>>> print(open('upload_6.json').read())   # JSON, C-alpha atoms
[["chain", "number", "residue", "atom", "x", "y", "z"],
["Z", 1, "MET", "CA", 0.33, -2.45, 9.84],
["Z", 2, "THR", "CA", -0.84, -4.58, 6.95],
["Z", 3, "LEU", "CA", -4.49, -5.31, 6.24],
["Z", 4, "ASP", "CA", -5.84, -7.72, 3.62],
["Z", 5, "VAL", "CA", -8.81, -6.15, 1.80],
["Z", 6, "LYS", "CA", -10.77, -7.07, -1.31],
["Z", 7, "PRO", "CA", -12.27, -4.51, -3.68],
["Z", 8, "VAL", "CA", -16.04, -4.02, -3.57],
["Z", 9, "ARG", "CA", -17.87, -3.35, -6.85],
["Z", 10, "LEU", "CA", -20.50, -0.63, -6.93],
["Z", 11, "ARG", "CA", -21.87, 0.06, -10.40],
["Z", 12, "ASP", "CA", -18.89, 0.73, -12.67],
["Z", 13, "SER", "CA", -16.33, 1.33, -9.91],
["Z", 14, "LEU", "CA", -14.26, -0.66, -7.43],
["Z", 15, "TYR", "CA", -13.73, 0.56, -3.87],
["Z", 16, "LEU", "CA", -11.35, -0.43, -1.09],
["Z", 17, "LEU", "CA", -13.34, -0.15, 2.12],
["Z", 18, "ILE", "CA", -11.79, 1.01, 5.38],
["Z", 19, "PRO", "CA", -12.96, -1.08, 8.35],
["Z", 20, "VAL", "CA", -14.82, 1.06, 10.92],
["Z", 21, "ASP", "CA", -12.38, 0.15, 13.73],
["Z", 22, "ILE", "CA", -9.44, 1.40, 11.64],
["Z", 23, "ALA", "CA", -11.34, 4.56, 10.64],
["Z", 24, "ARG", "CA", -12.01, 5.33, 14.31],
["Z", 25, "LEU", "CA", -8.42, 4.54, 15.32],
["Z", 26, "ILE", "CA", -6.91, 7.03, 12.89],
["Z", 27, "GLY", "CA", -9.72, 9.60, 13.00],
["Z", 28, "ILE", "CA", -11.31, 9.32, 9.56],
["Z", 29, "ALA", "CA", -14.49, 11.36, 9.21],
["Z", 30, "SER", "CA", -16.91, 11.55, 6.29],
["Z", 31, "SER", "CA", -15.36, 14.95, 5.52],
["Z", 32, "SER", "CA", -11.76, 13.60, 5.44],
["Z", 33, "LYS", "CA", -9.84, 14.08, 2.21],
["Z", 34, "PHE", "CA", -7.11, 11.80, 0.91],
["Z", 35, "LEU", "CA", -4.25, 12.00, -1.55],
["Z", 36, "LEU", "CA", -3.61, 8.82, -3.55],
["Z", 37, "SER", "CA", -0.11, 7.99, -4.78],
["Z", 38, "ILE", "CA", 0.47, 5.09, -7.15],
["Z", 39, "SER", "CA", 3.83, 3.47, -7.79],
["Z", 40, "GLU", "CA", 4.50, 0.44, -9.94],
["Z", 41, "GLY", "CA", 7.27, -2.09, -9.44],
["Z", 42, "GLU", "CA", 8.13, -5.13, -11.54],
["Z", 43, "GLN", "CA", 5.61, -7.40, -9.82],
["Z", 44, "THR", "CA", 3.49, -5.13, -7.63],
["Z", 45, "VAL", "CA", 1.53, -1.90, -7.68],
["Z", 46, "ARG", "CA", 1.46, 0.18, -4.50],
["Z", 47, "LEU", "CA", -1.48, 2.42, -3.63],
["Z", 48, "VAL", "CA", -0.72, 4.83, -0.80],
["Z", 49, "TYR", "CA", -3.51, 6.92, 0.68],
["Z", 50, "GLU", "CA", -2.48, 9.94, 2.76],
["Z", 51, "MET", "CA", -4.72, 11.99, 5.04],
["Z", 52, "LYS", "CA", -3.73, 15.06, 7.01],
["Z", 53, "LYS", "CA", -4.22, 14.59, 10.73],
["Z", 54, "LEU", "CA", -6.83, 16.85, 12.26],
["Z", 55, "GLU", "CA", -5.49, 19.41, 14.70],
["Z", 56, "THR", "CA", -6.79, 18.84, 18.19],
["Z", 57, "ALA", "CA", -7.77, 21.66, 20.56],
["Z", 58, "SER", "CA", -4.67, 21.00, 22.70],
["Z", 59, "LYS", "CA", -2.34, 21.47, 19.72],
["Z", 60, "MET", "CA", -4.07, 24.68, 18.65],
["Z", 61, "ALA", "CA", -3.73, 26.34, 22.10]]
>>> encode(input="upload_6.json", output="structure tokens")
Amino acid sequence: MTLDVKPVRLRDSLYLLIPVDIARLIGIASSSKFLLSISEGEQTVRLVYEMKKLETASKMA
């Protein structure tokens, strides 16, 4: 899935916001933690955010 987003400036930082529908779809909570990987090609830079999936009660049983 590809999503076109624009950075949002807040003070001296830029943020890429996650739309609420996407956050709900993949289970992002305010306590979620992400790993950011950055790779640079000749004409592009790729930012990849990874989040561990939460274990559900059915998986833990």
>>> atom_distance(input="upload_6.json", atom1="atom CA of Ile22 of chain Z", atom2="atom CA of Met1 of chain Z")
10.7 Å
>>> residues_around(input="upload_6.json", residues="Ile18 of chain Z", least_positions_apart="4", cutoff="10 Å", atoms="all atoms listed in the file", output="ChimeraX atom specification")
/Z:3,5,22-24,28
>>> residues_near_point(input="upload_6.json", point="(-2.4, 15.7, 6.8)", cutoff="12 Å", atoms="only C-alpha atoms", output="ChimeraX atom specification")
/Z:26-28,32-35,49-55
>>> atom_distance(input="upload_6.json", atom1="atom CA of Leu36 of chain Z", atom2="atom CA of Val20 of chain Z")
19.9 Å
>>> atom_distance(input="upload_6.json", atom1="atom CA of Glu42 of chain Z", atom2="atom CA of Arg9 of chain Z")
26.5 Å
